[in-house]
>>> print(open('model-v8.cif').read())   # mmCIF, C-alpha atoms
data_target
loop_
_atom_site.label_atom_id
_atom_site.label_comp_id
_atom_site.auth_asym_id
_atom_site.auth_seq_id
_atom_site.Cartn_x
_atom_site.Cartn_y
_atom_site.Cartn_z
CA MET A 1 86.78 89.56 93.51
CA MET A 2 86.90 85.96 94.52
CA ARG A 3 89.46 84.94 91.98
CA GLY A 4 92.23 82.71 93.19
CA ILE A 5 89.98 80.58 95.37
CA ASN A 6 89.79 76.88 94.48
CA ARG A 7 91.40 77.21 91.08
CA HIS A 8 94.49 75.17 91.65
CA GLY A 9 92.90 71.85 90.68
CA ALA A 10 91.86 73.28 87.32
CA ASP A 11 95.34 74.74 86.80
CA ALA A 12 97.01 71.36 87.33
CA ALA A 13 94.73 69.70 84.75
CA GLY A 14 95.48 72.55 82.30
CA LEU A 15 99.22 72.12 82.79
CA GLY A 16 98.99 68.37 82.05
CA LEU A 17 97.20 69.07 78.78
CA HIS A 18 99.77 71.61 77.60
CA THR A 19 102.97 69.96 78.81
CA VAL A 20 102.18 66.31 78.05
CA LEU A 21 99.24 65.81 75.71
CA VAL A 22 99.99 68.58 73.21
CA PRO A 23 103.72 67.66 72.76
CA ILE A 24 102.78 63.96 72.26
CA LEU A 25 100.14 64.92 69.71
CA ALA A 26 102.64 67.21 67.94
CA ALA A 27 105.28 64.46 67.79
CA CYS A 28 102.80 61.89 66.46
CA GLY A 29 101.55 64.43 63.91
CA ALA A 30 105.08 65.26 62.75
CA LEU A 31 105.91 61.54 62.31
CA THR A 32 102.69 60.94 60.38
CA ALA A 33 103.38 64.00 58.19
CA ALA A 34 106.86 62.68 57.36
CA PHE A 35 105.35 59.51 55.84
CA SER A 36 102.32 61.15 54.19
CA PRO A 37 101.75 62.51 50.69
CA PRO A 38 102.73 66.24 50.41
CA ALA A 39 99.13 67.58 50.42
CA THR A 40 98.14 65.64 53.58
CA ALA A 41 101.50 66.55 55.18
CA ALA A 42 100.95 70.26 54.53
CA LEU A 43 97.46 70.08 56.04
CA LEU A 44 98.78 68.19 59.09
CA VAL A 45 101.60 70.72 59.58
CA LEU A 46 99.11 73.62 59.47
CA LEU A 47 96.93 71.84 61.99
CA LEU A 48 99.89 71.18 64.30
CA LEU A 49 101.02 74.79 64.04
CA GLY A 50 97.57 75.94 65.10
CA LEU A 51 97.52 73.48 68.00
CA CYS A 52 100.97 74.52 69.23
CA GLY A 53 100.14 78.22 68.90
CA TRP A 54 96.92 77.77 70.87
CA SER A 55 98.71 75.72 73.52
CA SER A 56 101.52 78.20 74.04
CA ARG A 57 99.07 81.09 74.31
CA ARG A 58 97.10 79.15 76.93
CA LEU A 59 100.30 78.32 78.84
CA ALA A 60 101.38 81.97 78.84
CA GLY A 61 97.92 82.89 80.16
CA LEU A 62 98.16 80.34 82.97
CA VAL A 63 101.58 81.63 83.98
CA ARG A 64 100.34 85.20 84.00
CA GLN A 65 97.31 84.24 86.04
CA SER A 66 99.25 82.29 88.64
CA GLU A 67 101.73 85.14 88.85
CA SER A 68 98.96 87.63 89.66
CA GLU A 69 97.36 85.22 92.13
CA ARG A 70 100.70 84.81 93.86
CA ARG A 71 101.09 88.57 94.04
CA LEU A 72 97.61 88.86 95.56
CA LEU A 73 98.46 86.25 98.20
CA ASP A 74 101.76 88.01 98.94
CA GLU A 75 99.92 91.26 99.44
CA GLN A 76 97.39 89.62 101.75
CA LEU A 77 100.16 87.96 103.75
CA LEU A 78 102.05 91.23 104.04
CA GLN A 79 98.89 93.01 105.13
CA SER A 80 98.17 90.48 107.91
CA GLN A 81 101.79 90.49 109.10
CA LYS A 82 101.72 94.26 109.17
CA LEU A 83 98.46 94.25 111.14
CA ALA A 84 99.81 91.67 113.60
CA ALA A 85 102.88 93.82 114.24
CA VAL A 86 100.82 96.96 114.64
CA GLY A 87 98.49 95.02 116.95
CA GLU A 88 101.36 94.16 119.29
CA LEU A 89 102.61 97.71 119.22
CA SER A 90 99.21 99.26 119.77
CA SER A 91 98.33 97.09 122.76
CA GLY A 92 101.64 98.15 124.33
CA ILE A 93 100.84 101.78 123.68
CA ALA A 94 97.29 101.40 125.01
CA HIS A 95 98.56 100.01 128.31
CA GLU A 96 101.10 102.78 128.67
CA ILE A 97 98.59 105.50 127.87
CA ASN A 98 96.01 104.26 130.37
CA ASN A 99 98.28 105.17 133.29
CA PRO A 100 98.75 108.87 132.47
CA LEU A 101 95.06 109.05 131.53
CA ALA A 102 94.18 107.72 134.99
CA ILE A 103 96.35 110.39 136.61
CA VAL A 104 94.83 113.18 134.52
CA SER A 105 91.33 112.07 135.44
CA GLN A 106 92.18 111.86 139.14
CA GLU A 107 93.81 115.29 139.19
CA ALA A 108 90.65 116.77 137.67
CA GLU A 109 88.58 115.03 140.35
CA LEU A 110 90.91 116.38 143.02
CA VAL A 111 90.62 119.94 141.70
CA ARG A 112 86.83 119.56 141.72
CA THR A 113 86.85 118.24 145.29
CA LEU A 114 89.19 120.98 146.54
CA LEU A 115 87.18 123.76 144.90
CA GLU A 116 83.88 122.37 146.14
CA ASN A 117 85.25 122.25 149.67
CA ARG A 118 86.33 125.88 149.36
CA GLY A 119 82.85 127.13 148.78
CA GLY A 120 81.94 126.30 145.27
CA LEU A 121 82.78 125.92 141.68
CA SER A 122 82.09 128.66 139.12
CA PRO A 123 80.09 127.42 136.11
CA GLU A 124 83.09 128.03 133.88
CA LEU A 125 85.40 125.94 136.04
CA ALA A 126 82.80 123.20 136.38
CA GLU A 127 82.42 123.14 132.61
CA SER A 128 86.16 122.99 132.10
CA LEU A 129 86.55 120.11 134.58
CA HIS A 130 83.71 118.32 132.88
CA GLU A 131 85.52 118.72 129.55
CA ILE A 132 88.65 117.13 131.01
CA ALA A 133 86.55 114.14 132.04
CA VAL A 134 84.99 113.97 128.56
CA GLN A 135 88.38 114.02 126.87
CA VAL A 136 89.77 111.39 129.25
CA ASP A 137 86.77 109.25 128.33
CA ARG A 138 87.62 109.76 124.69
CA GLY A 139 91.17 108.63 125.29
CA ARG A 140 89.88 105.69 127.26
CA ASP A 141 87.59 104.72 124.40
CA ILE A 142 90.55 104.72 122.02
CA THR A 143 92.71 102.56 124.27
CA ARG A 144 89.82 100.10 124.79
CA ARG A 145 89.41 99.77 121.06
CA LEU A 146 93.14 99.28 120.61
CA LEU A 147 93.05 96.52 123.17
CA ASP A 148 90.02 94.91 121.47
CA PHE A 149 92.00 95.12 118.29
CA SER A 150 95.00 93.24 119.59
CA ARG A 151 93.19 90.79 121.84
CA LYS A 152 94.19 87.27 120.95
CA MET A 153 91.21 85.37 122.29
CA LYS A 154 90.44 82.13 120.53
CA PRO A 155 87.06 82.39 118.84
CA VAL A 156 84.30 80.30 120.45
CA ALA A 157 82.26 78.90 117.63
CA GLN A 158 78.63 77.83 117.45
CA PHE A 159 76.24 77.07 114.59
CA GLU A 160 74.12 80.06 113.71
CA ALA A 161 72.21 81.47 110.76
CA LEU A 162 74.23 84.19 109.10
CA ASP A 163 71.26 86.41 108.31
CA LYS A 164 70.07 86.27 111.92
CA ILE A 165 73.41 87.59 113.22
CA ILE A 166 73.45 90.29 110.59
CA GLU A 167 69.80 91.27 111.01
CA ASP A 168 70.32 91.90 114.76
CA MET A 169 73.01 94.42 113.89
CA VAL A 170 71.09 95.94 110.98
CA VAL A 171 68.16 96.67 113.31
CA LEU A 172 70.54 98.46 115.67
CA VAL A 173 72.03 100.60 112.93
CA GLU A 174 68.67 101.25 111.26
CA LYS A 175 67.57 103.43 114.17
CA GLU A 176 70.54 105.69 113.62
CA ALA A 177 70.10 105.47 109.86
CA GLY A 178 66.52 106.74 110.17
CA LEU A 179 67.84 110.00 111.58
CA LYS A 180 70.03 110.51 108.54
CA GLU A 181 67.38 109.57 105.99
CA ALA A 182 69.40 106.53 105.09
CA ARG A 183 67.80 103.19 104.42
CA VAL A 184 69.08 99.65 104.65
CA ALA A 185 68.20 97.18 101.89
CA ARG A 186 68.45 93.47 102.70
CA ARG A 187 69.42 90.85 100.16
CA TYR A 188 69.73 87.75 102.30
CA ASP A 189 70.19 84.38 100.67
CA ARG A 190 67.73 82.23 102.63
CA ASN A 191 69.23 78.96 101.39
CA LEU A 192 72.59 79.32 103.11
CA PRO A 193 73.68 76.62 105.55
CA LEU A 194 74.20 77.48 109.22
CA VAL A 195 77.74 78.71 109.82
CA LEU A 196 80.08 77.64 112.63
CA ILE A 197 81.07 81.01 113.98
CA ASP A 198 81.94 83.09 117.05
CA VAL A 199 78.73 85.11 117.16
CA PRO A 200 79.86 88.10 119.28
CA LEU A 201 82.99 88.46 117.15
CA LEU A 202 81.05 88.40 113.90
CA ARG A 203 78.52 90.86 115.32
CA GLN A 204 81.38 93.22 116.10
CA ALA A 205 82.73 92.91 112.57
CA VAL A 206 79.29 93.45 111.01
CA ILE A 207 78.45 96.45 113.16
CA ASN A 208 81.79 98.02 112.26
CA LEU A 209 81.06 97.59 108.56
CA LEU A 210 77.54 98.96 108.96
CA THR A 211 78.68 102.02 110.93
CA ASN A 212 81.39 102.58 108.38
CA ALA A 213 78.79 102.46 105.58
CA LEU A 214 76.49 104.77 107.50
CA ASP A 215 79.32 107.26 108.03
CA ALA A 216 79.90 107.23 104.28
CA ILE A 217 76.40 108.58 103.63
CA PRO A 218 75.98 111.45 106.11
CA HIS A 219 73.28 113.09 103.99
CA GLY A 220 71.27 109.96 103.39
CA GLY A 221 71.52 107.11 100.93
CA THR A 222 71.22 103.36 100.81
CA ILE A 223 73.17 100.63 102.51
CA THR A 224 72.74 97.23 100.90
CA VAL A 225 73.46 94.23 103.07
CA ALA A 226 73.67 90.89 101.30
CA THR A 227 74.61 87.31 102.09
CA GLY A 228 75.42 84.57 99.63
CA SER A 229 77.48 81.56 98.79
CA ALA A 230 81.12 82.12 97.84
CA GLY A 231 82.04 78.73 96.45
CA PRO A 232 82.16 75.33 98.14
CA GLY A 233 82.24 75.60 101.94
CA LYS A 234 82.27 79.38 101.89
CA VAL A 235 79.72 82.09 102.48
CA CYS A 236 79.97 85.81 102.04
CA ILE A 237 78.51 88.92 103.56
CA SER A 238 78.63 92.18 101.69
CA VAL A 239 77.89 95.68 102.91
CA ALA A 240 77.59 98.30 100.20
CA ASP A 241 76.92 102.01 100.41
CA ASN A 242 76.19 104.53 97.68
CA GLY A 243 78.35 107.25 99.20
CA PRO A 244 81.24 109.07 97.56
CA GLY A 245 83.45 105.95 97.46
CA VAL A 246 87.07 105.56 98.47
CA ALA A 247 89.89 107.37 96.68
CA ALA A 248 92.19 104.97 94.84
CA GLU A 249 95.21 106.05 96.89
CA ASP A 250 93.33 105.34 100.14
CA LEU A 251 92.24 101.80 99.21
CA PRO A 252 95.52 100.05 100.11
CA ARG A 253 95.53 101.75 103.52
CA ILE A 254 91.89 101.34 104.38
CA PHE A 255 92.42 98.46 106.87
CA ASN A 256 95.44 100.07 108.54
CA PRO A 257 94.93 100.97 112.18
CA PHE A 258 94.43 104.72 112.69
CA PHE A 259 93.79 105.31 109.02
CA THR A 260 90.73 107.52 108.77
CA THR A 261 89.34 110.12 106.42
CA LYS A 262 86.98 111.43 109.09
CA PRO A 263 87.64 114.75 110.85
CA PRO A 264 89.55 114.62 114.16
CA GLY A 265 87.40 113.32 116.98
CA LYS A 266 84.92 111.65 114.64
CA GLY A 267 86.66 108.39 113.99
CA THR A 268 89.52 106.49 115.55
CA GLY A 269 90.52 104.74 112.35
CA LEU A 270 90.20 101.43 114.14
CA GLY A 271 86.78 100.16 113.03
CA LEU A 272 87.87 98.58 109.77
CA SER A 273 91.18 97.29 111.09
CA ILE A 274 89.37 95.59 113.96
CA CYS A 275 87.02 94.15 111.38
CA HIS A 276 89.93 92.87 109.30
CA ASN A 277 91.49 91.35 112.38
CA ILE A 278 88.29 89.59 113.44
CA VAL A 279 87.60 88.18 109.99
CA GLU A 280 91.15 86.82 109.74
CA ARG A 281 90.84 85.23 113.16
CA MET A 282 87.71 83.47 111.94
CA GLY A 283 89.65 82.07 109.01
CA GLY A 284 88.02 84.42 106.50
CA LYS A 285 88.96 87.26 104.23
CA ILE A 286 87.74 90.78 103.80
CA LEU A 287 87.86 92.61 100.50
CA VAL A 288 86.97 96.11 99.46
CA LYS A 289 85.92 97.42 96.08
CA SER A 290 85.27 101.04 95.37
CA GLU A 291 85.26 103.54 92.56
CA PRO A 292 85.15 107.25 93.38
CA GLY A 293 81.53 108.38 93.10
CA GLN A 294 80.25 104.82 93.01
CA GLY A 295 80.15 103.97 96.72
CA ALA A 296 82.05 101.14 98.35
CA VAL A 297 81.44 97.42 98.79
CA PHE A 298 83.03 95.46 101.62
CA THR A 299 82.84 91.71 101.22
CA VAL A 300 83.60 89.25 104.00
CA VAL A 301 84.21 85.66 102.90
CA LEU A 302 83.91 83.11 105.70
CA PRO A 303 84.34 79.36 105.91
CA VAL A 304 81.02 77.62 106.72
CA LYS A 305 82.68 75.17 109.09
CA GLY A 306 84.67 77.58 111.19
CA GLU A 307 88.29 78.54 111.40
CA SER A 308 89.99 75.38 110.16
CA ALA A 309 87.87 74.87 107.02
CA MET B 1 78.09 103.31 158.21
CA SER B 2 80.26 105.00 160.81
CA GLU B 3 83.01 102.46 160.26
CA ARG B 4 85.82 103.93 158.12
CA ILE B 5 86.84 101.91 155.14
CA ARG B 6 90.55 101.11 155.26
CA ILE B 7 92.10 101.00 151.80
CA LEU B 8 95.56 100.10 150.62
CA ILE B 9 96.58 101.39 147.17
CA VAL B 10 99.35 99.33 145.56
CA ASP B 11 100.62 101.15 142.48
CA ASP B 12 104.02 102.17 141.13
CA GLU B 13 102.86 105.64 139.97
CA GLU B 14 103.66 108.00 142.82
CA ARG B 15 101.28 110.72 141.68
CA PHE B 16 98.47 108.22 141.18
CA ARG B 17 98.88 107.00 144.75
CA SER B 18 99.10 110.41 146.39
CA THR B 19 96.12 111.91 144.58
CA LEU B 20 93.98 108.82 145.13
CA ILE B 21 94.81 108.95 148.85
CA LYS B 22 93.55 112.55 148.94
CA LEU B 23 90.39 111.68 146.99
CA LEU B 24 89.55 108.69 149.15
CA SER B 25 90.33 110.57 152.37
CA SER B 26 88.06 113.42 151.30
CA ARG B 27 85.28 110.81 151.09
CA GLY B 28 85.84 109.65 154.61
CA MET B 29 88.00 106.65 153.91
CA GLN B 30 91.32 105.81 155.48
CA ALA B 31 93.87 105.27 152.72
CA ALA B 32 97.49 104.18 152.66
CA ALA B 33 99.75 103.30 149.74
CA ALA B 34 102.57 101.04 148.63
CA GLY B 35 104.71 101.28 145.50
CA SER B 36 105.24 97.59 144.84
CA GLY B 37 104.18 94.10 145.84
CA GLU B 38 107.01 93.83 148.38
CA GLU B 39 106.11 97.13 150.02
CA ALA B 40 102.46 96.11 150.20
CA LEU B 41 103.29 92.81 151.90
CA GLU B 42 105.50 94.60 154.40
CA LEU B 43 102.70 97.01 155.27
CA LEU B 44 100.15 94.21 155.50
CA GLU B 45 102.28 92.35 158.02
CA GLY B 46 101.51 94.99 160.60
CA GLN B 47 98.25 96.52 159.48
CA ALA B 48 94.84 95.28 158.37
CA PHE B 49 92.90 96.72 155.43
CA ASP B 50 89.38 96.11 154.21
CA VAL B 51 90.04 96.75 150.53
CA ILE B 52 93.26 96.55 148.52
CA LEU B 53 93.58 98.21 145.11
CA LEU B 54 96.27 96.29 143.28
CA ASP B 55 98.10 97.26 140.08
CA VAL B 56 99.44 94.53 137.78
CA LYS B 57 102.65 95.88 136.28
CA MET B 58 105.06 97.22 138.89
CA PRO B 59 108.83 97.20 139.20
CA GLY B 60 109.89 94.44 141.59
CA MET B 61 107.00 92.23 142.59
CA GLY B 62 104.02 92.82 140.29
CA GLY B 63 100.36 92.26 141.09
CA VAL B 64 100.11 88.74 139.66
CA LYS B 65 102.82 87.48 142.01
CA ALA B 66 101.77 89.57 144.98
CA LEU B 67 98.09 88.57 144.94
CA PRO B 68 98.36 85.00 146.30
CA ARG B 69 100.69 86.18 149.06
CA ILE B 70 98.37 89.03 149.97
CA LYS B 71 95.43 86.61 150.16
CA GLU B 72 97.51 84.26 152.28
CA LEU B 73 98.47 87.03 154.68
CA ARG B 74 95.09 88.78 154.80
CA PRO B 75 92.38 86.41 153.54
CA GLU B 76 89.62 88.70 154.83
CA ALA B 77 90.71 91.67 152.69
CA GLU B 78 88.99 92.23 149.34
CA VAL B 79 91.42 92.76 146.47
CA LEU B 80 90.34 94.87 143.49
CA VAL B 81 92.72 94.85 140.56
CA LEU B 82 93.06 98.38 139.17
CA THR B 83 95.30 98.50 136.15
CA GLY B 84 95.92 99.98 132.75
CA HIS B 85 96.88 96.52 131.62
CA ALA B 86 93.79 95.00 130.05
CA SER B 87 94.48 91.40 129.35
CA VAL B 88 91.77 88.79 129.54
CA ASP B 89 94.33 86.15 130.49
CA ILE B 90 95.75 88.14 133.38
CA ALA B 91 92.28 89.18 134.54
CA SER B 92 91.02 85.60 134.67
CA GLU B 93 94.19 84.42 136.42
CA MET B 94 93.84 87.10 139.08
CA ILE B 95 90.15 86.43 139.62
CA ARG B 96 91.02 82.74 140.00
CA ASN B 97 93.64 83.69 142.57
CA GLY B 98 91.13 85.53 144.71
CA ALA B 99 90.75 89.04 143.28
CA ALA B 100 87.16 90.27 143.63
CA ASP B 101 87.09 92.46 140.54
CA TYR B 102 89.20 93.78 137.70
CA LEU B 103 88.90 97.54 137.07
CA LEU B 104 90.49 99.19 134.11
CA LYS B 105 92.35 102.51 134.33
CA PRO B 106 91.35 105.22 133.76
CA CYS B 107 88.42 104.32 135.99
CA PRO B 108 85.91 107.13 136.70
CA LEU B 109 85.98 107.99 140.42
CA ASP B 110 82.29 107.11 140.92
CA GLU B 111 82.83 103.65 139.50
CA LEU B 112 85.89 103.15 141.66
CA LEU B 113 84.04 104.29 144.78
CA ASP B 114 81.11 101.97 144.00
CA GLY B 115 83.55 99.11 143.58
CA VAL B 116 85.32 99.93 146.84
CA ARG B 117 82.07 100.21 148.82
CA ALA B 118 80.74 96.94 147.43
CA ALA B 119 84.04 95.25 148.26
CA PHE B 120 83.95 96.69 151.77
CA ASP B 121 80.42 95.35 152.33
CA ARG B 122 81.50 91.90 151.20
CA SER B 123 84.57 91.96 153.42
CA ARG B 124 82.49 93.04 156.42
CA THR B 125 79.90 90.34 155.78
CA ARG B 126 82.66 87.79 155.56
CA LYS B 127 84.17 88.94 158.85
CA LEU B 128 80.75 88.81 160.54
CA ALA B 129 80.14 85.36 159.16
CA SER B 130 83.43 84.04 160.46
CA GLY B 131 82.84 85.68 163.84
CA LEU B 132 85.83 87.98 163.61
CA ALA B 133 83.99 91.25 163.88
#
>>> encode(input="model-v8.cif", output="structure tokens")
Amino acid sequence: MMRGINRHGADAAGLGLHTVLVPILAACGALTAAFSPPATAALLVLLLLGLCGWSSRRLAGLVRQSESERRLLDEQLLQSQKLAAVGELSSGIAHEINNPLAIVSQEAELVRTLLENRGGLSPELAESLHEIAVQVDRGRDITRRLLDFSRKMKPVAQFEALDKIIEDMVVLVEKEAGLKEARVARRYDRNLPLVLIDVPLLRQAVINLLTNALDAIPHGGTITVATGSAGPGKVCISVADNGPGVAAEDLPRIFNPFFTTKPPGKGTGLGLSICHNIVERMGGKILVKSEPGQGAVFTVVLPVKGESA
Amino acid sequence: MSERIRILIVDDEERFRSTLIKLLSSRGMQAAAAGSGEEALELLEGQAFDVILLDVKMPGMGGVKALPRIKELRPEAEVLVLTGHASVDIASEMIRNGAADYLLKPCPLDELLDGVRAAFDRSRTRKLASGLA
């Protein structure tokens, strides 16, 4: 999953070998063969053929690999541009929706006040007015999340132990998990360096991943939370569940705002997109791997030394 | 607590203003409304209020521009920003410019009333302290 990170140095060395060293060797070999006895020449030619064949196969491999890495980067860039655009749009929508929501909630309050002044509210009416308030709250929750999603605050970084941040959130989610007969397994790498990170932001991202995992196993299961190194200067957090997994056609859309597979009213489809947004803002990456029936693994790769690393 | 709280609602949504006036009046407060920053300033020239509920985005003069002028005209009044526009930048700018709080629409009536009463208490204390009351 972490292909394409820190490989460019190796690629450059490989290119030098194939474009400079091998042609020089081939030329020298051909010259030597020209002035050698036929048996030695034949052997040399066979050797050179082998060398050139190997080299061209390696070159073709490198080209293919860099092509697929470029495509991966393009996709990631497209995804973040798309999310940025949707972020702008959604914050605009959230602001606009808050005004009518405020009016709806006030009208309900007014109806309640008027009816109470006129000698009372039947239980049915009271219940109905209460439901209006509940649904306004629901709308309000969605607009708040949308605004969180598009907020452009600069992260405020401090040095903190990754497993400490994660453990705080795991403990929170574990209470809820207990009710569903789900358990959380920890695989923390205790040798990780402290990371320079915006703690509240990372907490938000981690809790979103944990709730997402918990929602994937409504009838119980295991969530595995792990930390580890992800190459020089990078650490990773992974949250895995053993739920039903994500359908292949849903994978490319999983970080899109409002994309959800949950029934109406159960999920806003914003949790993972907020998570994606936060991780990007911290200079990291978030990846998902899932096979139907095999659960899902979300991996967050973060720079140890904050955003600019 | 026999003193009636005088509230000015500054908001461009007509229905929001009229219903809020009714709700606040039914709770014993004395409410008036303005549809923009200009209208609010005009009203404030001739009338004093204890608490001002100020929206941010309005046609004409918005809340950000109106706030310093309101505070200049009526420094004793407490201004609560009440808006659907949740921006940390705008909120911190308005608090810096003298707003007492930043409430987000839709704000449950109880929360709004708590905010208004707390603002009123502060404004009264301030008036007492400066010997105006």
>>> resolve_selection(input="model-v8.cif", expression="the PyMOL selection byres ((chain B) within 12 of (chain A))", output="ChimeraX atom specification")
/B:11-27,55-58,82-89,103-110,112
>>> write_last_selection(input="model-v8.cif", atoms="C-alpha atoms", output="tab-separated table (two decimals), keeping the file's coordinate frame")
chain	number	residue	atom	x	y	z
B	11	ASP	CA	100.62	101.15	142.48
B	12	ASP	CA	104.02	102.17	141.13
B	13	GLU	CA	102.86	105.64	139.97
B	14	GLU	CA	103.66	108.00	142.82
B	15	ARG	CA	101.28	110.72	141.68
B	16	PHE	CA	98.47	108.22	141.18
B	17	ARG	CA	98.88	107.00	144.75
B	18	SER	CA	99.10	110.41	146.39
B	19	THR	CA	96.12	111.91	144.58
B	20	LEU	CA	93.98	108.82	145.13
B	21	ILE	CA	94.81	108.95	148.85
B	22	LYS	CA	93.55	112.55	148.94
B	23	LEU	CA	90.39	111.68	146.99
B	24	LEU	CA	89.55	108.69	149.15
B	25	SER	CA	90.33	110.57	152.37
B	26	SER	CA	88.06	113.42	151.30
B	27	ARG	CA	85.28	110.81	151.09
B	55	ASP	CA	98.10	97.26	140.08
B	56	VAL	CA	99.44	94.53	137.78
B	57	LYS	CA	102.65	95.88	136.28
B	58	MET	CA	105.06	97.22	138.89
B	82	LEU	CA	93.06	98.38	139.17
B	83	THR	CA	95.30	98.50	136.15
B	84	GLY	CA	95.92	99.98	132.75
B	85	HIS	CA	96.88	96.52	131.62
B	86	ALA	CA	93.79	95.00	130.05
B	87	SER	CA	94.48	91.40	129.35
B	88	VAL	CA	91.77	88.79	129.54
B	89	ASP	CA	94.33	86.15	130.49
B	103	LEU	CA	88.90	97.54	137.07
B	104	LEU	CA	90.49	99.19	134.11
B	105	LYS	CA	92.35	102.51	134.33
B	106	PRO	CA	91.35	105.22	133.76
B	107	CYS	CA	88.42	104.32	135.99
B	108	PRO	CA	85.91	107.13	136.70
B	109	LEU	CA	85.98	107.99	140.42
B	110	ASP	CA	82.29	107.11	140.92
B	112	LEU	CA	85.89	103.15	141.66
>>> closest_atom_pairs(input="model-v8.cif", of="stretch 71-113 of chain B", to="stretch 30-45 of chain B", cutoff="12 Å", atoms="only C-alpha atoms", output="CSV")
residue,atom,partner,partner_atom,distance
B:Lys71,CA,B:Leu41,CA,10.2
B:Glu72,CA,B:Leu41,CA,10.3
B:Leu73,CA,B:Glu45,CA,7.3
B:Arg74,CA,B:Leu44,CA,7.5
B:Pro75,CA,B:Leu44,CA,11.2
B:Glu76,CA,B:Leu44,CA,11.9
B:Ala77,CA,B:Leu44,CA,10.2
>>> closest_residue(input="model-v8.cif", among="B:Ser123, B:Ile7, B:Ala100, B:Ile90", to="B:Gln47", atoms="all atoms listed in the file")
B:Ile7
>>> residues_near_point(input="model-v8.cif", point="(100.6, 72.1, 61.8)", cutoff="12 Å", atoms="only C-alpha atoms", output="ChimeraX atom specification")
/A:22,25-33,40-54
>>> write_last_selection(input="model-v8.cif", atoms="C-alpha atoms", output="PDB file, in the coordinates of the input")
ATOM      1  CA  VAL A  22      99.990  68.580  73.210  1.00  0.00           C
ATOM      2  CA  LEU A  25     100.140  64.920  69.710  1.00  0.00           C
ATOM      3  CA  ALA A  26     102.640  67.210  67.940  1.00  0.00           C
ATOM      4  CA  ALA A  27     105.280  64.460  67.790  1.00  0.00           C
ATOM      5  CA  CYS A  28     102.800  61.890  66.460  1.00  0.00           C
ATOM      6  CA  GLY A  29     101.550  64.430  63.910  1.00  0.00           C
ATOM      7  CA  ALA A  30     105.080  65.260  62.750  1.00  0.00           C
ATOM      8  CA  LEU A  31     105.910  61.540  62.310  1.00  0.00           C
ATOM      9  CA  THR A  32     102.690  60.940  60.380  1.00  0.00           C
ATOM     10  CA  ALA A  33     103.380  64.000  58.190  1.00  0.00           C
ATOM     11  CA  THR A  40      98.140  65.640  53.580  1.00  0.00           C
ATOM     12  CA  ALA A  41     101.500  66.550  55.180  1.00  0.00           C
ATOM     13  CA  ALA A  42     100.950  70.260  54.530  1.00  0.00           C
ATOM     14  CA  LEU A  43      97.460  70.080  56.040  1.00  0.00           C
ATOM     15  CA  LEU A  44      98.780  68.190  59.090  1.00  0.00           C
ATOM     16  CA  VAL A  45     101.600  70.720  59.580  1.00  0.00           C
ATOM     17  CA  LEU A  46      99.110  73.620  59.470  1.00  0.00           C
ATOM     18  CA  LEU A  47      96.930  71.840  61.990  1.00  0.00           C
ATOM     19  CA  LEU A  48      99.890  71.180  64.300  1.00  0.00           C
ATOM     20  CA  LEU A  49     101.020  74.790  64.040  1.00  0.00           C
ATOM     21  CA  GLY A  50      97.570  75.940  65.100  1.00  0.00           C
ATOM     22  CA  LEU A  51      97.520  73.480  68.000  1.00  0.00           C
ATOM     23  CA  CYS A  52     100.970  74.520  69.230  1.00  0.00           C
ATOM     24  CA  GLY A  53     100.140  78.220  68.900  1.00  0.00           C
ATOM     25  CA  TRP A  54      96.920  77.770  70.870  1.00  0.00           C
TER      26      TRP A  54
END
>>> resolve_selection(input="model-v8.cif", expression="the PyMOL selection byres ((chain B and resi 53) around 8)", output="VMD selection string")
chain B and resid 7 to 10 51 to 52 54 to 55 79 to 82
>>> atom_distance(input="model-v8.cif", atom1="atom CA of A:Ala177", atom2="atom CA of A:Leu214")
6.8 Å
>>> atom_distance(input="model-v8.cif", atom1="atom CA of A:Leu194", atom2="atom CA of A:Val235")
9.9 Å
>>> atom_distance(input="model-v8.cif", atom1="atom CA of A:His18", atom2="atom CA of A:Glu67")
17.7 Å
>>> resolve_selection(input="model-v8.cif", expression="the PyMOL selection byres ((chain B and resi 65) around 10)", output="list in words")
Gly37, Glu38, Val56, Gly60, Met61, Gly62, Gly63, Val64, Ala66, Leu67, Pro68, Arg69, Ile70, Met94 and Asn97 of chain B
>>> axis_aligned_box(input="model-v8.cif", around="stretch 20-25 of chain A", padding_each_side="5 Å", output="JSON")
{"center_x": 101.5, "center_y": 66.3, "center_z": 73.9, "size_x": 14.5, "size_y": 14.6, "size_z": 18.3}
>>> residues_around(input="model-v8.cif", residues="A:Cys236", least_positions_apart="6", cutoff="9 Å", atoms="only C-alpha atoms", output="MDAnalysis selection string")
chainID A and resid 226:230 299:303
>>> residues_around(input="model-v8.cif", residues="A:Gly221", least_positions_apart="5", cutoff="10 Å", atoms="only C-alpha atoms", output="list in words")
Ala177, Lys180, Glu181, Ala182, Arg183, Val184, Ala213, Leu214, Ala216, Asp241, Asn242 and Gly243 of chain A
>>> closest_residue(input="model-v8.cif", among="A:Ala205, A:Val63, A:Leu72, A:Ala296", to="A:Cys275", atoms="only C-alpha atoms")
A:Ala205
>>> decode(input="model-v8.cif", residues="stretch 288-296 of chain A", atoms="C-alpha atoms", output="short mmCIF file (atom, residue, chain, number, x, y, z; two decimals), in the first residue's frame")
data_model
loop_
_atom_site.label_atom_id
_atom_site.label_comp_id
_atom_site.auth_asym_id
_atom_site.auth_seq_id
_atom_site.Cartn_x
_atom_site.Cartn_y
_atom_site.Cartn_z
CA VAL A 288 -8.28 2.10 2.32
CA LYS A 289 -8.02 -1.58 1.51
CA SER A 290 -10.95 -3.92 1.52
CA GLU A 291 -12.15 -7.15 0.01
CA PRO A 292 -15.82 -8.06 0.29
CA GLY A 293 -16.21 -10.42 3.23
CA GLN A 294 -12.73 -9.64 4.52
CA GLY A 295 -13.37 -6.43 6.46
CA ALA A 296 -11.70 -3.11 5.76
#
